[in-house]
Amino acid sequence: MRKSTIRRTCAALAAVTSLALAATACGGTTKEDVKNEGGSAAAGGKADPNAETKKGLTVGFLPKQVNNPYFTVADKGGERALKELGSSYKEVGTSSGTDTAGQVSYVNTLTQQQVDAIAVSAQDPGALCTALKQAMKNDIKIVTYDSDTNPDCRNAFISQASADDIGRTQVQQMAEQIGNKGEIAILSAAQTATNQNAWIEIMKDELKDPKYKDIKLVKVAYGDDDAQKSFQQTQGLLQEHPDLKGVISPTTVGIKAAAQYLSGSKYKGKVKLNGLGTPNDMRKYVKNGTVEAFELWDPAKLGELAARTAVALSSGQITGKEGETFKAGGLGEYTLGKNGVIDLGKPTVFNADNIDEFDF
């Protein structure tokens, strides 16, 4: 039965029966229902990589935080891709990077609006699962990007790069900058952020290597992707650990706030800072000597790949299973890995030599 037919049937049923009966017939669930039914994200059908790309779809983008420059760039990439593909884009979201209840509400709203797919950057790996599984029951494809949910709550996850690449390269870069010796700290986003926590665990694992025996991780601080709080957390780290040699901040809001603090303090040039930032945010701090180098992927390409993956799922070209491949326009061909993870590619290192070559 076509999705539109199912929805018309549900609407009619809701009009003539009790609310409880209508909810049951149309897939209304509780957390226990989802738990009992498993809520498998992968479609039951077989992928057809040669299926025609559907047009006229609506894809809702739900970033971790609206008006965050990083997500603005990412979502614009998704918007451009959808326009090229003949489909529609809409963005919704919370102004706070830690408002999980707000994200749940927006998932429910997009489901009620009967979008064809949702691309979401999750603030918490589990908080959205009930709402996302309900969306999938209504034949809405779910793509996570930047920050994942539990794998069974979506069809595919667009990873910025492999977690290994991101976590280890930041430690390696920092070790080089501080001469492989001294105290370091990490300035993260929210304590529940899936991507941040994955990278931090890999950083800690990298630091176990004997070659880092003279480097000590003294603290992981959380700025909640809030500029003022991240600024204050940087200040606090240096007050608490006056011998600190470096700070790794794997979040665009955090690294900019930390750079802002360091550039106006006595620690400028003495305490090294690296992590993940955008060239436009970090350019002046690289040029004034506060930051030597940092890294990131192109967030516009991340958003574009999320959009193209959503359309490929909605078109039946992929279902979310490991080993499936699809063409993502000018980005090239991608293969789904374990648990439906798609890696965008390796991050780019930005420094004084190349930063002016980029504009995002």
# chains A, B, ... in the order shown; residues from 1 in each chain; ligands from 1

$ select_by_dssp --residues "range 83-152 of chain A" --states "strand (DSSP E or B)" --output "list in words"
Ser88, Tyr89, Lys90, Glu91, Ala117, Ile118, Ala119, Val120, Lys141, Ile142, Val143, Thr144 and Tyr145 of chain A

$ residues_around --residues "Ala119 in chain A" --least-positions-apart "4" --cutoff "9 Å" --atoms "only C-alpha atoms" --output "list in words"
Val59, Gly60, Phe61, Leu62, Pro63, Lys141, Ile142, Val143, Thr144, Tyr145, Gly303, Ala306, Ala307 and Ala310 of chain A

$ residues_around --residues "Lys211 in chain A" --least-positions-apart "5" --cutoff "12 Å" --atoms "only C-alpha atoms" --output "VMD selection string"
chain A and resid 171 to 172 175 to 176 179 to 181 206 216

$ closest_residue --among "A:Val104, A:Met174, A:Ile166, A:Asp116" --to "Glu201 in chain A" --atoms "only C-alpha atoms"
A:Ile166

$ atom_distance --atom1 "CA of Ala117 in chain A" --atom2 "CA of Asn155 in chain A"
10.2 Å

$ atom_distance --atom1 "CA of Tyr222 in chain A" --atom2 "CA of Ser188 in chain A"
4.8 Å

$ atom_distance --atom1 "CA of Ala161 in chain A" --atom2 "CA of Met203 in chain A"
14.8 Å

$ residues_around --residues "Leu244 in chain A" --least-positions-apart "2" --cutoff "8 Å" --atoms "only C-alpha atoms" --output "JSON, numbers by chain"
{"A": [182, 183, 184, 185, 238, 241, 242, 246, 247, 271]}

$ write_last_selection --atoms "N, CA, C and O atoms" --output "tab-separated table (two decimals), in the first residue's frame"
chain	number	residue	atom	x	y	z
A	182	GLY	N	53.79	17.21	28.84
A	182	GLY	CA	53.02	18.19	29.59
A	182	GLY	C	51.58	17.79	29.83
A	182	GLY	O	51.12	16.74	29.37
A	183	GLU	N	50.88	18.64	30.56
A	183	GLU	CA	49.47	18.41	30.87
A	183	GLU	C	48.58	18.96	29.76
A	183	GLU	O	48.82	20.05	29.23
A	184	ILE	N	47.55	18.20	29.43
A	184	ILE	CA	46.57	18.66	28.45
A	184	ILE	C	45.16	18.45	28.99
A	184	ILE	O	44.95	17.67	29.93
A	185	ALA	N	44.21	19.16	28.40
A	185	ALA	CA	42.80	19.00	28.76
A	185	ALA	C	41.98	18.92	27.48
A	185	ALA	O	42.46	19.27	26.39
A	238	LEU	N	42.48	26.77	32.98
A	238	LEU	CA	43.80	27.36	33.18
A	238	LEU	C	44.01	27.84	34.62
A	238	LEU	O	45.13	27.85	35.12
A	241	HIS	N	44.55	24.44	36.41
A	241	HIS	CA	45.76	23.73	36.00
A	241	HIS	C	46.73	24.74	35.37
A	241	HIS	O	46.85	24.82	34.14
A	242	PRO	N	47.42	25.50	36.18
A	242	PRO	CA	48.29	26.56	35.68
A	242	PRO	C	49.45	26.07	34.82
A	242	PRO	O	50.06	26.85	34.09
A	246	GLY	N	48.30	22.34	26.78
A	246	GLY	CA	47.47	22.31	25.58
A	246	GLY	C	46.02	21.95	25.86
A	246	GLY	O	45.72	21.30	26.87
A	247	VAL	N	45.15	22.40	24.97
A	247	VAL	CA	43.72	22.09	25.05
A	247	VAL	C	43.27	21.55	23.69
A	247	VAL	O	43.55	22.16	22.66
A	271	VAL	N	50.00	28.23	25.63
A	271	VAL	CA	49.10	27.07	25.72
A	271	VAL	C	48.60	26.77	24.31
A	271	VAL	O	47.96	27.61	23.68

$ select_by_dssp --residues "range 53-236 of chain A" --states "alpha helix (DSSP H)" --output "PyMOL selection string"
chain A and resi 69-84+100-112+129-137+163-177+194-207+227-236
